[in-house]
Each structure stands twice: as C-alpha cells, then as structure tokens.
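One file, input.txt, is given below (compact mmCIF, C-alpha atoms and all ligand atoms).
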```txt
# COMPACT_ATOMS: atom_id res chain seq x y z
CA MET A 141 69.69 92.53 128.07
CA ALA A 142 69.23 95.19 125.39
CA LYS A 143 66.30 94.51 123.09
CA GLN A 144 67.34 93.51 119.56
CA PHE A 145 66.94 96.35 117.07
CA GLU A 146 65.87 98.68 119.87
CA HIS A 147 66.93 101.81 117.96
CA LEU A 148 65.35 100.73 114.69
CA LEU A 149 62.13 99.81 116.45
CA SER A 150 61.86 103.06 118.44
CA SER A 151 59.28 105.72 117.56
CA VAL A 152 60.04 108.98 115.76
CA THR A 153 58.03 111.88 114.39
CA ILE A 154 59.00 113.35 111.03
CA ALA A 155 57.63 115.78 108.45
CA ALA A 156 57.03 118.66 110.88
CA GLY A 157 54.92 116.48 113.15
CA SER A 158 52.61 115.22 110.40
CA VAL A 159 53.96 111.63 110.24
CA GLN A 160 54.16 109.90 113.62
CA LEU A 161 56.05 106.67 113.21
CA LYS A 162 56.06 103.83 115.73
CA HIS A 163 59.33 102.50 114.30
CA ARG A 164 61.99 103.43 111.75
CA VAL A 165 61.76 100.45 109.38
CA VAL A 166 60.52 101.92 106.10
CA MET A 167 59.52 99.94 103.02
CA ALA A 168 61.66 101.16 100.10
CA PRO A 169 60.15 101.85 96.67
CA MET A 170 60.04 98.80 94.44
CA THR A 171 58.91 98.60 90.83
CA ARG A 172 57.11 95.25 90.52
CA THR A 173 55.41 95.87 87.11
CA ARG A 174 52.08 94.34 88.05
CA ASN A 175 49.79 97.29 87.38
CA ASP A 176 46.87 97.22 84.97
CA PRO A 177 48.22 95.91 81.63
CA LEU A 178 46.40 98.60 79.63
CA THR A 179 46.26 101.73 81.82
CA TYR A 180 49.19 100.95 84.16
CA ALA A 181 46.91 102.03 87.02
CA PRO A 182 47.17 100.24 90.38
CA ARG A 183 44.37 97.76 91.08
CA GLN A 184 43.02 95.78 94.06
CA ILE A 185 45.95 93.35 93.85
CA ASN A 186 48.40 96.23 94.23
CA ALA A 187 46.39 97.63 97.15
CA LEU A 188 46.56 94.18 98.76
CA TYR A 189 50.35 94.03 98.25
CA TYR A 190 50.89 97.38 99.98
CA SER A 191 48.34 96.60 102.69
CA GLN A 192 50.12 93.32 103.51
CA ARG A 193 53.33 95.31 104.01
CA THR A 194 51.75 97.99 106.21
CA SER A 195 52.33 98.09 109.96
CA GLU A 196 50.61 100.49 112.32
CA GLY A 197 52.69 103.68 112.45
CA GLY A 198 54.96 102.43 109.64
CA LEU A 199 55.98 104.28 106.48
CA LEU A 200 55.94 102.83 102.97
CA ILE A 201 57.24 104.40 99.78
CA ALA A 202 55.34 103.34 96.69
CA GLU A 203 57.08 102.23 93.50
CA ALA A 204 58.54 104.71 90.99
CA THR A 205 55.62 106.48 89.31
CA ALA A 206 55.85 108.43 86.05
CA VAL A 207 54.94 112.11 86.28
CA SER A 208 53.74 112.24 82.66
CA ALA A 209 53.35 109.97 79.64
CA SER A 210 56.76 111.14 78.41
CA ALA A 211 58.34 110.14 81.73
CA GLU A 212 57.48 106.44 81.40
CA GLY A 213 60.29 103.88 81.39
CA TYR A 214 58.77 100.46 82.08
CA LEU A 215 55.87 98.35 80.93
CA ARG A 216 53.18 98.07 83.62
CA ALA A 217 54.89 100.55 85.96
CA PRO A 218 52.39 103.13 87.19
CA GLY A 219 51.81 106.81 86.44
CA MET A 220 50.30 109.80 88.24
CA TYR A 221 48.82 111.61 85.27
CA THR A 222 45.43 110.09 84.39
CA GLU A 223 42.14 109.72 86.26
CA ALA A 224 42.60 105.94 86.16
CA HIS A 225 45.98 106.30 87.90
CA ILE A 226 44.49 108.52 90.62
CA ASP A 227 41.56 106.15 91.18
CA GLY A 228 43.95 103.20 91.38
CA TRP A 229 46.24 104.95 93.85
CA LYS A 230 43.23 105.79 96.05
CA LEU A 231 42.74 102.04 96.54
CA VAL A 232 46.36 101.77 97.68
CA THR A 233 46.47 104.79 100.01
CA GLY A 234 43.07 103.83 101.48
CA ALA A 235 44.29 100.31 102.26
CA VAL A 236 47.50 101.57 103.90
CA HIS A 237 45.71 104.23 105.96
CA ALA A 238 43.09 101.71 107.10
CA LYS A 239 45.90 99.80 108.83
CA GLY A 240 47.35 102.94 110.44
CA GLY A 241 50.30 103.30 108.04
CA PHE A 242 51.69 106.22 106.08
CA ILE A 243 52.60 106.17 102.40
CA PHE A 244 54.64 108.46 100.13
CA SER A 245 54.49 108.30 96.34
CA GLN A 246 57.82 108.11 94.52
CA LEU A 247 57.72 110.36 91.45
CA PHE A 248 60.10 109.86 88.56
CA HIS A 249 61.02 110.59 84.98
CA ALA A 250 62.98 107.78 83.31
CA GLY A 251 65.07 110.13 81.14
CA ARG A 252 67.48 108.29 78.86
CA VAL A 253 66.60 104.81 80.14
CA SER A 254 63.29 104.75 78.34
CA HIS A 255 62.65 103.86 74.69
CA SER A 256 60.65 105.33 71.82
CA HIS A 257 58.47 102.18 71.87
CA LEU A 258 57.40 103.10 75.42
CA LEU A 259 56.71 106.78 74.75
CA PRO A 260 53.77 108.56 73.12
CA GLU A 261 54.08 108.98 69.36
CA ASP A 262 57.27 106.95 69.32
CA VAL A 263 59.44 109.99 70.20
CA SER A 264 63.02 109.59 71.45
CA PRO A 265 63.67 109.57 75.18
CA VAL A 266 65.03 112.86 76.55
CA ALA A 267 68.04 113.53 78.76
CA PRO A 268 70.35 116.41 79.70
CA SER A 269 72.69 115.39 76.86
CA ALA A 270 72.72 112.91 73.99
CA VAL A 271 74.65 110.24 75.91
CA LYS A 272 73.34 106.72 75.35
CA ALA A 273 73.15 104.18 78.17
CA GLU A 274 74.39 100.63 77.73
CA GLY A 275 71.67 98.09 78.34
CA TYR A 276 68.16 97.27 77.23
CA ALA A 277 64.63 98.60 77.50
CA HIS A 278 61.68 96.21 77.67
CA THR A 279 58.95 97.56 75.42
CA LYS A 280 55.61 96.39 74.05
CA LEU A 281 57.48 95.31 70.93
CA GLY A 282 60.18 93.41 72.83
CA LYS A 283 63.64 94.04 74.23
CA PHE A 284 65.66 96.78 72.52
CA PRO A 285 69.02 98.42 73.25
CA PHE A 286 68.67 101.88 74.80
CA GLU A 287 68.59 104.63 72.18
CA GLU A 288 70.59 107.81 71.99
CA PRO A 289 68.42 110.30 73.88
CA ARG A 290 67.55 113.76 72.63
CA ALA A 291 69.20 116.54 74.68
CA LEU A 292 66.54 118.78 76.21
CA GLU A 293 66.41 122.37 74.99
CA THR A 294 66.93 124.85 77.85
CA GLN A 295 63.42 126.24 77.43
CA GLU A 296 61.83 122.75 77.69
CA ILE A 297 63.11 122.15 81.20
CA ALA A 298 60.53 124.34 82.95
CA GLY A 299 57.77 122.14 81.48
CA ILE A 300 59.22 119.03 83.11
CA VAL A 301 59.56 120.87 86.43
CA LYS A 302 55.84 121.69 86.14
CA ASP A 303 55.01 118.03 85.40
CA PHE A 304 56.62 117.05 88.72
CA ALA A 305 54.72 119.75 90.63
CA LEU A 306 51.42 118.71 89.06
CA ALA A 307 52.03 115.05 89.83
CA ALA A 308 52.89 116.00 93.44
CA THR A 309 49.61 117.89 93.75
CA ARG A 310 47.67 114.96 92.30
CA ALA A 311 49.42 112.47 94.58
CA VAL A 312 48.74 114.41 97.76
CA GLU A 313 45.48 116.21 97.08
CA GLU A 314 43.69 113.65 94.94
CA ALA A 315 45.25 110.22 95.45
CA GLY A 316 45.60 110.54 99.23
CA PHE A 317 49.38 110.13 99.67
CA ASP A 318 50.99 111.55 102.82
CA GLY A 319 53.77 113.01 100.71
CA ILE A 320 55.98 112.47 97.69
CA GLU A 321 59.57 111.32 97.26
CA LEU A 322 61.48 112.59 94.23
CA HIS A 323 63.57 109.88 92.63
CA ALA A 324 67.04 111.31 92.04
CA GLY A 325 68.73 107.92 91.76
CA ASN A 326 68.88 104.81 89.57
CA GLY A 327 70.25 106.78 86.61
CA TYR A 328 66.90 108.42 85.78
CA LEU A 329 66.43 112.01 84.62
CA LEU A 330 67.12 113.81 87.91
CA GLN A 331 70.34 111.91 88.50
CA GLU A 332 71.31 112.31 84.84
CA PHE A 333 71.42 116.06 85.43
CA LEU A 334 73.56 115.63 88.57
CA ALA A 335 76.08 113.26 87.01
CA LYS A 336 79.09 114.39 85.00
CA LYS A 337 78.88 111.39 82.68
CA THR A 338 75.37 112.17 81.45
CA ASN A 339 75.33 115.97 81.75
CA LEU A 340 77.57 117.63 79.14
CA ARG A 341 75.46 120.79 78.93
CA THR A 342 76.98 124.21 78.44
CA ASP A 343 73.95 126.23 79.63
CA HIS A 344 73.26 127.00 83.31
CA TYR A 345 72.08 123.39 83.88
CA GLY A 346 75.53 121.94 83.18
CA GLY A 347 79.17 122.28 84.16
CA SER A 348 79.70 123.16 87.82
CA ILE A 349 78.02 121.16 90.57
CA PRO A 350 75.59 124.00 91.45
CA ASN A 351 74.63 124.13 87.76
CA ARG A 352 74.16 120.34 87.53
CA ALA A 353 72.06 120.45 90.70
CA ARG A 354 69.91 123.32 89.44
CA PHE A 355 67.24 121.15 87.77
CA VAL A 356 66.90 118.89 90.83
CA LEU A 357 66.51 121.88 93.17
CA GLU A 358 64.03 123.54 90.80
CA VAL A 359 61.94 120.35 90.92
CA VAL A 360 62.20 120.25 94.72
CA ASP A 361 61.16 123.91 95.00
CA ALA A 362 58.23 123.50 92.60
CA CYS A 363 56.94 120.50 94.57
CA VAL A 364 57.40 122.37 97.87
CA ALA A 365 55.40 125.27 96.42
CA ALA A 366 52.71 122.81 95.30
CA VAL A 367 52.23 120.65 98.41
CA GLY A 368 54.45 122.09 101.18
CA ALA A 369 57.94 121.12 102.37
CA LYS A 370 56.73 118.59 104.94
CA ARG A 371 55.17 116.56 102.12
CA VAL A 372 58.27 116.50 99.92
CA ALA A 373 61.22 114.13 100.23
CA ILE A 374 64.02 113.08 97.88
CA LYS A 375 66.04 109.93 97.25
CA LEU A 376 69.69 110.45 96.34
CA GLN A 377 71.81 107.55 95.24
CA GLN A 378 75.58 107.45 95.07
CA GLY A 379 77.89 104.52 94.64
CA ALA A 380 75.31 102.45 92.79
CA THR A 381 75.70 100.71 89.48
CA PHE A 382 72.22 101.01 88.05
CA SER A 383 71.28 102.12 84.50
CA ASP A 384 74.91 102.39 83.44
CA LEU A 385 75.52 105.38 85.70
CA VAL A 386 78.60 104.73 87.77
CA GLU A 387 80.11 107.98 88.93
CA PRO A 388 83.59 108.80 90.20
CA GLU A 389 83.67 108.87 94.00
CA ASP A 390 85.19 112.36 94.30
CA ASP A 391 82.51 113.99 92.16
CA SER A 392 79.70 112.09 93.91
CA LEU A 393 80.92 113.26 97.30
CA ALA A 394 81.23 116.82 96.04
CA GLN A 395 77.61 116.63 94.83
CA LEU A 396 76.51 115.47 98.28
CA ALA A 397 78.48 118.22 100.03
CA TYR A 398 76.63 120.76 97.90
CA LEU A 399 73.18 119.16 98.06
CA GLY A 400 73.22 118.51 101.84
CA PRO A 401 72.96 122.13 103.00
CA GLN A 402 70.71 123.04 100.06
CA LEU A 403 68.22 120.34 101.04
CA GLN A 404 68.56 121.01 104.75
CA LYS A 405 67.48 124.63 104.39
CA ARG A 406 64.39 123.49 102.49
CA ASN A 407 63.26 121.49 105.54
CA LEU A 408 61.91 118.50 103.64
CA ALA A 409 60.11 115.51 105.18
CA TYR A 410 63.32 113.50 104.76
CA VAL A 411 66.23 112.78 102.46
CA CYS A 412 66.83 109.13 101.58
CA MET A 413 70.53 108.47 101.02
CA SER A 414 70.84 105.24 99.10
CA SER A 415 74.08 103.52 98.29
CA LEU A 416 74.99 100.03 97.31
CA ASN A 417 78.22 99.96 99.22
CA TYR A 418 77.18 97.56 101.86
CA ASP A 419 77.30 93.91 102.66
CA PRO A 420 75.65 91.75 101.54
CA TYR A 421 74.56 93.69 98.50
CA TYR A 422 77.82 94.12 96.69
CA LYS A 423 78.63 90.46 97.16
CA PHE A 424 75.19 89.59 95.85
CA LEU A 425 75.87 91.75 92.79
CA GLY A 426 79.13 89.88 92.25
CA LEU A 427 81.31 92.88 93.12
CA GLU A 428 84.46 92.17 95.01
CA LYS A 429 84.44 95.32 97.00
CA PRO A 430 82.22 98.35 97.47
CA ASN A 431 82.24 100.92 94.68
CA PHE A 432 83.25 103.71 97.08
CA GLU A 433 85.82 103.73 99.87
CA THR A 434 83.85 106.33 101.83
CA ASP A 435 80.88 105.56 104.03
CA VAL A 436 78.39 107.65 102.08
CA PHE A 437 75.86 107.78 104.94
CA GLN A 438 78.32 109.13 107.50
CA TYR A 439 79.72 111.52 104.91
CA PHE A 440 76.30 112.87 103.93
CA ARG A 441 75.26 113.21 107.59
CA LYS A 442 78.07 115.73 108.08
CA HIS A 443 76.51 117.89 105.39
CA TYR A 444 72.84 117.38 106.26
CA GLN A 445 71.30 117.38 109.72
CA GLY A 446 67.63 117.07 108.75
CA THR A 447 65.68 113.79 108.80
CA LEU A 448 67.89 111.21 107.11
CA MET A 449 66.86 107.79 105.83
CA VAL A 450 69.58 105.36 104.79
CA ASN A 451 69.22 102.52 102.31
CA GLY A 452 71.12 99.95 100.32
CA GLY A 453 72.15 96.43 101.22
CA LEU A 454 71.56 97.05 104.91
CA SER A 455 70.93 94.25 107.32
CA PRO A 456 68.62 95.23 110.19
CA GLN A 457 71.66 94.93 112.50
CA VAL A 458 73.70 97.43 110.48
CA ALA A 459 70.73 99.77 110.13
CA ASP A 460 70.16 99.66 113.89
CA ARG A 461 73.77 100.74 114.40
CA TYR A 462 73.40 103.69 112.03
CA VAL A 463 70.37 104.86 114.02
CA GLU A 464 72.16 104.32 117.32
CA GLU A 465 75.20 106.37 116.27
CA GLY A 466 72.97 109.21 115.02
CA THR A 467 73.89 108.81 111.34
CA ALA A 468 70.34 107.85 110.38
CA ASP A 469 66.85 108.63 111.64
CA LEU A 470 65.19 106.01 109.43
CA ALA A 471 66.28 103.04 107.32
CA CYS A 472 64.45 101.69 104.32
CA PHE A 473 64.56 98.11 103.09
CA ALA A 474 63.49 96.80 99.70
CA ILE A 475 64.44 93.16 99.17
CA PHE A 476 63.60 92.05 102.72
CA PHE A 477 60.04 93.36 102.27
CA ILE A 478 59.41 91.20 99.18
CA ALA A 479 59.10 87.89 101.03
CA ASN A 480 58.54 89.23 104.58
CA ALA A 481 55.38 91.29 104.35
CA ASN A 482 55.21 91.70 108.15
CA LEU A 483 58.93 92.46 108.41
CA VAL A 484 58.59 94.73 111.43
CA ALA A 485 56.67 92.17 113.49
CA LEU A 486 59.19 89.47 112.52
CA LEU A 487 62.13 91.67 113.59
CA ALA A 488 60.41 92.52 116.87
CA ALA A 489 59.79 88.83 117.58
CA GLY A 490 63.33 87.82 116.56
CA LYS A 491 62.10 85.46 113.83
CA GLU A 492 64.27 84.32 110.93
CA LEU A 493 63.68 86.23 107.71
CA ASN A 494 62.62 84.64 104.42
CA LEU A 495 65.38 85.35 101.86
CA GLY A 496 63.16 84.57 98.85
CA GLY A 497 63.28 88.21 97.74
CA TRP A 498 66.93 87.82 96.74
CA ASP A 499 65.94 85.78 93.68
CA THR A 500 66.05 88.43 90.93
CA LYS A 501 63.86 86.32 88.61
CA ILE A 502 60.79 87.02 90.74
CA TRP A 503 61.18 90.80 91.01
CA TYR A 504 59.22 91.94 87.98
CA GLY A 505 55.79 91.13 86.63
CA PRO A 506 55.15 87.80 84.94
CA GLN A 507 54.51 87.54 81.21
CA ASP A 508 50.91 86.56 81.88
CA PRO A 509 48.96 89.05 84.05
CA ALA A 510 46.87 86.09 85.27
CA ASP A 511 49.94 85.14 87.36
CA ASP A 512 50.39 88.57 88.92
CA GLU A 513 49.96 87.38 92.51
CA LYS A 514 52.83 84.91 92.18
CA TYR A 515 55.85 86.07 94.24
CA TYR A 516 53.88 89.27 94.91
CA THR A 517 50.97 88.75 97.29
CA ASP A 518 51.27 84.97 97.80
CA TRP A 519 54.28 84.69 100.14
CA PRO A 520 53.59 82.47 103.14
CA PHE A 521 52.64 84.51 106.21
CA VAL A 522 54.65 83.79 109.35
CA ASP A 523 52.76 84.55 112.55
CA PRO A 524 55.30 86.32 114.78
CA ASN A 525 53.50 84.97 117.87
CA ASP A 526 53.68 81.35 116.75
CA PRO A 527 56.20 79.77 119.17
CA ILE A 528 56.95 76.99 116.68
CA ALA A 529 57.74 79.26 113.72
CA LYS A 530 61.44 80.13 113.60
C1 LIG A 601 62.46 94.69 92.54
C2 LIG A 601 63.06 96.01 92.86
C3 LIG A 601 62.50 97.15 92.33
C4 LIG A 601 63.02 98.40 92.66
N1 LIG A 601 62.38 99.52 92.21
C5 LIG A 601 62.77 100.74 92.67
C6 LIG A 601 62.01 101.90 92.41
O1 LIG A 601 60.94 101.86 91.78
N2 LIG A 601 62.47 103.08 92.89
C7 LIG A 601 63.63 103.16 93.63
O2 LIG A 601 64.01 104.24 94.07
N3 LIG A 601 64.37 102.07 93.88
C8 LIG A 601 63.96 100.88 93.46
N4 LIG A 601 64.65 99.76 93.82
C9 LIG A 601 65.82 99.92 94.70
C10 LIG A 601 65.40 99.83 96.16
O3 LIG A 601 64.51 100.85 96.54
C11 LIG A 601 66.64 99.93 97.06
O4 LIG A 601 67.25 101.17 96.89
C12 LIG A 601 67.65 98.82 96.79
O5 LIG A 601 67.01 97.57 96.55
C13 LIG A 601 68.60 98.65 97.98
O6 LIG A 601 67.86 98.37 99.15
P1 LIG A 601 67.80 96.88 99.78
O7 LIG A 601 69.21 96.43 99.92
O8 LIG A 601 67.12 97.04 101.12
O9 LIG A 601 67.04 96.02 98.86
C14 LIG A 601 64.16 98.49 93.50
C15 LIG A 601 64.74 97.34 94.01
C16 LIG A 601 64.19 96.11 93.71
C17 LIG A 601 64.80 94.89 94.32
```
Kindly transcribe the structure held in the file into structure tokens.
Ligand SMILES: Cc1cc2nc3c(=O)[nH]c(=O)nc-3n(C[C@H](O)[C@H](O)[C@H](O)COP(=O)(O)O)c2cc1C
Amino acid sequence: MAKQFEHLLSSVTIAAGSVQLKHRVVMAPMTRTRNDPLTYAPRQINALYYSQRTSEGGLLIAEATAVSASAEGYLRAPGMYTEAHIDGWKLVTGAVHAKGGFIFSQLFHAGRVSHSHLLPEDVSPVAPSAVKAEGYAHTKLGKFPFEEPRALETQEIAGIVKDFALAATRAVEEAGFDGIELHAGNGYLLQEFLAKKTNLRTDHYGGSIPNRARFVLEVVDACVAAVGAKRVAIKLQQGATFSDLVEPEDDSLAQLAYLGPQLQKRNLAYVCMSSLNYDPYYKFLGLEKPNFETDVFQYFRKHYQGTLMVNGGLSPQVADRYVEEGTADLACFAIFFIANANLVALLAAGKELNLGGWDTKIWYGPQDPADDEKYYTDWPFVDPNDPIAK
C-alpha cells in the first residue's frame, strides 16, 4: 500500500543545494505578536516556539518582520533593524539549527495598513497612492480606523529598496537566517504596488503590469545583490481577502504571468504562491465559494518552473497531490502548525491533528505579556510513537 503523504514527506534539495530538506512540509510565516513588549525583539519564549516546531531537515519561515521603524504595522511584531532585534533572532536561528532545521526570515513593510500611532514621530503610513484601507489598526493608544496613507514620492522609493537589502544582509549575515522571504502578499507595501486598486501612480511605478511590478523586482534584485539569489525567496498572494485588498481575477492572473518568468530567471531559493481559494479555508472564512475560478497554483506553475511552494487552506492530502502532479515542490502550512508543533511526525505516524489553531481568538498575543505562552508554547505534545494516542 502506498505510504500516506509519500510525496509531501519525500526529501528535496532547494536553494542551489544549500538547503537539504528531508520533507516538503514547511511552516508558514505567522505573526503571533508575542515579542518583547518594549523592543519587539524575539526572546527565549519565541526561540522555544520555533524550536518546538522544528523537525530535522525541515524548513520554517519566521513571522513577518519589519525592515525599518517606518515599516512597522503591528504591536509586538518583530523588526530586523536594531541590535536588540538581531540578538533576539540569534536565539531563534540557533534553536532551529540545533535541531537540524532551516529557517528563513520573512521581511515586510506594512505600507498603508499601519497607523501613525505605530510609526516614529507619528507620521502617516506610506503607500504607492493615497488609497485608504477599510479596517482597523491596533496601536499603543488603542484601535483606530486605518488612515489615508501618504503616496510615496518617486525619489523616496530607492530608500525603501535599500531598507529591504540592509535587512536581508542583517538577517543572513548577523542573525543567522538561511535566507529571507519577501512578503508580497497580505495587502502590505509590495502587494500594494502590484495591485490596481492601491496603485494609481502615473510615474514608472504605476500603470502597466511591468510598471506595477517594478518596485517588487527592484527589491528582489537589491536583496539578491546583498545576500545572493539562493538566499532570497518571495511570497506572492492572489485570491486572498486580507487587508481590504481583493483584486479582480483577470488582473491577478496577468500579474502572475508577468512575474513568473521574471522570478524564474532570477533563480531564487523558491517562490511561495499563496491563495485562499481552497477548502476548508474559504468555508472557514464564511465565503460560499472561492474568490477565483482558476487554480492559481496550476496557473502559476505554467509560468514559473523554479522551486514552487504552495500555501493557503491546504489539507496535507491536497498538498500531497500538488506535489505528486508536479505543481508544487513544497507546501507550507500555518494554522496546522499552531496546535501541532510536531506536525511532520504526526503526519508520518498517521495521527489525528489538533484543530485548536482554527480558533482565531488565540492567534495574536494576549493583553498581558505574562500570559504569552498561552496558546503559543503550551499546546499538549502528542508522542507520535504512543500507540494509544490517536
Ligand atoms: C495567526 C496567523 C498569522 C499570520 N501571519 C502571517 C505573516 O506574518 N506573514 C504571512 O505571510 N502570512 C501570515 N499568515 C498567513 C499564513 O502564512 C498563510 O498564508 C495562511 O494562514 C494560509 O495558510 P494555512 O491555510 O495553512 O493556514 C498568518 C496566518 C495566521 C493564521
């Protein structure tokens, strides 16, 4: 009889031979807002959280991490721009490497979904254009509606590109990460440039798809120049409904058709294609049907033949099928990793998974930092070899 998840649990080498994986089950980036309340640096508790979720020869992607103080978007979400951040991340990368795992840092700029109360000197958030998002920011002073962002001047953009490259260098050379993943999803700055709805620019960063993709590719190229292509990856996200950035399907697909070959020729460690089109996610979100008719993974695969990671509402069964049919090389899971720290061992042993991670109330940090371990590092551990455990 064929082994369950045999494709997902097979080995693969990525990133020009530098990351040798024993399986293809990757932990997706998850903001859990439990970093140091003052410095937002990771601490021992965060190192423990990542260490618990490390398997030998497994890959983890750390939570979205601000490239500069002006890139911040969430209370107690980490950065990569102070000595305290670097020292904190060393605890995390050291713990993951000690268990034989690999870890990439996800670098981001929150763009319009930040708030002046989260940014230095109370300045407005920045974005490609002054298009306000619906929704709320959680700041030190409480919950406030998103503000109208300030449209970036053309000559300011190069400075943000540099911030990404510097953060990439710090992540790899100082904090000990195996690579970085650029966050071009969730309606943050990189995706805001790609999307028609948020990019109304008339300079060479707006208008046509190549123009809207220019900033993203400049960031990719600057990071490649800083740390090398095999240490750079990117997460794209289409068909999602996050941060008030729902895009029309035809334009999203056209973006992917353009970005696929552009990213392929850059020979990155991987591209993560994330979409929320899949069961059970859209049901969980209360949507009646997927946002897109097209299978975004299969579509993107036609335009990109490099290392491809898929993500978004995937069950291990569905992910295994995508690997088997050659659509995906890797699959990353977020919610399953919350309550199943040793997810890979549980899948290999055919154990039932704990679905506690689907409770949205436990995703983000508690009001009182004294409770940080709750729903974070305190999930019951199921021994995969215990014959009595399901
Ligand atoms: C609590 C939580 C925090 C998240 N934070 C991030 C993040 O920091 N960066 C990111 O790219 N995606 C983030 N996501 C999205 C996940 O990486 C992933 O794309 C999404 O949950 C779909 O995957 P899943 O169905 O396996 O959970 C987060 C998801 C959850 C549940």
Taking only residues of chain A that have an atom at most 7 Å from an atom of ligand LIG 601 (chain A), what is each one's shortest atom pair and its distance in Å to one decimal, using all atoms listed in the file, in chain and number order, as a tab-separated table?
```
residue	atom	partner	partner_atom	distance
A:Ala168	CA	A:LIG601	O3	4.6
A:Pro169	CA	A:LIG601	O3	4.5
A:Met170	CA	A:LIG601	N1	3.3
A:Thr171	CA	A:LIG601	N1	3.8
A:Arg172	CA	A:LIG601	C1	5.7
A:Glu203	CA	A:LIG601	O1	4.2
A:Ala204	CA	A:LIG601	O1	3.8
A:His323	CA	A:LIG601	O2	5.8
A:Gly325	CA	A:LIG601	O2	6.4
A:Asn326	CA	A:LIG601	O2	6.7
A:Lys375	CA	A:LIG601	O2	6.8
A:Ser414	CA	A:LIG601	O4	5.9
A:Leu416	CA	A:LIG601	C13	6.6
A:Tyr421	CA	A:LIG601	O7	6.2
A:Asn451	CA	A:LIG601	O6	5.4
A:Gly452	CA	A:LIG601	C13	3.7
A:Gly453	CA	A:LIG601	O7	3.2
A:Leu454	CA	A:LIG601	O7	5.6
A:Cys472	CA	A:LIG601	O8	6.2
A:Phe473	CA	A:LIG601	O8	3.4
A:Ala474	CA	A:LIG601	O9	3.7
A:Ile475	CA	A:LIG601	O9	3.9
A:Phe476	CA	A:LIG601	O8	6.3
A:Trp503	CA	A:LIG601	C1	4.4
A:Tyr504	CA	A:LIG601	C1	6.2
```
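Closest approach to Val159 in chain A from the set A:Phe477, A:Leu399, A:Pro388, A:Gly319 is made by A:Gly319, with distances taken over all atoms listed in the file.
The shortest atom-to-atom distance to Ala305 in chain A, with all atoms listed in the file taken into account, belongs to A:Val367 out of A:Val367, A:Leu396, A:Leu199, A:Ile528.
The spacing separating CA of Leu188 in chain A from CA of Lys491 in chain A amounts to 23.3 Å.
Distance-wise, CA of Asp176 in chain A and CA of Arg252 in chain A end up 24.2 Å apart.
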Proximity to Cys363 in chain A - best of A:Gln404, A:Ile320, A:Leu281, A:Ala380, all atoms listed in the file
A:Ile320
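Minimum atom-to-atom distance to Tyr398 in chain A, evaluated using all atoms listed in the file, belongs to A:Leu357 out of A:Thr153, A:Val458, A:Arg310, A:Leu357.
Between Ala468 in chain A and the residues A:Val165, A:Ile374, A:Pro401, A:Asn494, the shortest atom-to-atom distance, using all atoms listed in the file, involves A:Val165.
Candidate residues A:Ala209, A:Ile502, A:Ala409, A:Leu470 were compared for distance to Gly368 in chain A, and the nearest is A:Ala409, using only C-alpha atoms.
Here CA of Glu314 in chain A is placed at a distance of 10.6 Å from CA of Thr233 in chain A.
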Give me the residues near Gly466 in chain A as a PyMOL selection string, where near means some atom within 12 Å (using all atoms listed in the file) and where sequence neighbours in that chain fewer than 3 positions away do not count.
chain A and resi 147-148+437-438+441-442+444-450+459-463+469-471
Saved range 154-168 of chain A from the preceding structure, N, CA, C and O atoms, as a short mmCIF file (atom, residue, chain, number, x, y, z; two decimals), in the first residue's frame:
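Here's the written file out_33.cif:
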```
data_model
loop_
_atom_site.label_atom_id
_atom_site.label_comp_id
_atom_site.auth_asym_id
_atom_site.auth_seq_id
_atom_site.Cartn_x
_atom_site.Cartn_y
_atom_site.Cartn_z
N ILE A 154 16.86 22.36 -2.18
CA ILE A 154 16.49 23.64 -2.82
C ILE A 154 17.62 24.64 -2.61
O ILE A 154 18.63 24.32 -1.97
N ALA A 155 17.43 25.83 -3.13
CA ALA A 155 18.36 26.94 -2.91
C ALA A 155 19.77 26.56 -3.35
O ALA A 155 20.72 26.67 -2.58
N ALA A 156 19.87 26.12 -4.60
CA ALA A 156 21.16 25.77 -5.21
C ALA A 156 21.97 24.82 -4.33
O ALA A 156 23.18 24.97 -4.19
N GLY A 157 21.30 23.88 -3.73
CA GLY A 157 21.99 22.86 -2.94
C GLY A 157 22.26 23.25 -1.50
O GLY A 157 22.74 22.44 -0.70
N SER A 158 21.90 24.49 -1.12
CA SER A 158 22.29 24.94 0.23
C SER A 158 21.27 24.53 1.30
O SER A 158 21.57 24.60 2.50
N VAL A 159 20.07 24.13 0.91
CA VAL A 159 19.05 23.75 1.90
C VAL A 159 18.57 22.33 1.55
O VAL A 159 17.83 22.13 0.58
N GLN A 160 19.05 21.37 2.33
CA GLN A 160 18.69 19.97 2.04
C GLN A 160 17.55 19.56 2.97
O GLN A 160 17.75 19.40 4.17
N LEU A 161 16.38 19.40 2.38
CA LEU A 161 15.19 19.13 3.19
C LEU A 161 14.87 17.64 3.19
O LEU A 161 14.94 16.98 2.16
N LYS A 162 14.48 17.14 4.35
CA LYS A 162 14.09 15.73 4.46
C LYS A 162 12.62 15.52 4.12
O LYS A 162 12.16 14.40 4.03
N HIS A 163 11.87 16.61 4.04
CA HIS A 163 10.46 16.54 3.65
C HIS A 163 10.05 17.92 3.14
O HIS A 163 10.83 18.87 3.21
N ARG A 164 8.82 18.02 2.65
CA ARG A 164 8.38 19.25 1.97
C ARG A 164 7.32 20.01 2.75
O ARG A 164 6.62 20.86 2.19
N VAL A 165 7.17 19.68 4.02
CA VAL A 165 6.16 20.33 4.87
C VAL A 165 6.81 21.53 5.56
O VAL A 165 7.58 21.38 6.51
N VAL A 166 6.50 22.71 5.08
CA VAL A 166 7.17 23.93 5.57
C VAL A 166 6.24 24.65 6.55
O VAL A 166 5.02 24.67 6.34
N MET A 167 6.81 25.23 7.59
CA MET A 167 5.97 26.05 8.48
C MET A 167 5.85 27.46 7.88
O MET A 167 6.86 28.13 7.63
N ALA A 168 4.62 27.89 7.65
CA ALA A 168 4.36 29.21 7.03
C ALA A 168 4.59 30.32 8.06
O ALA A 168 4.49 30.10 9.26
#
```
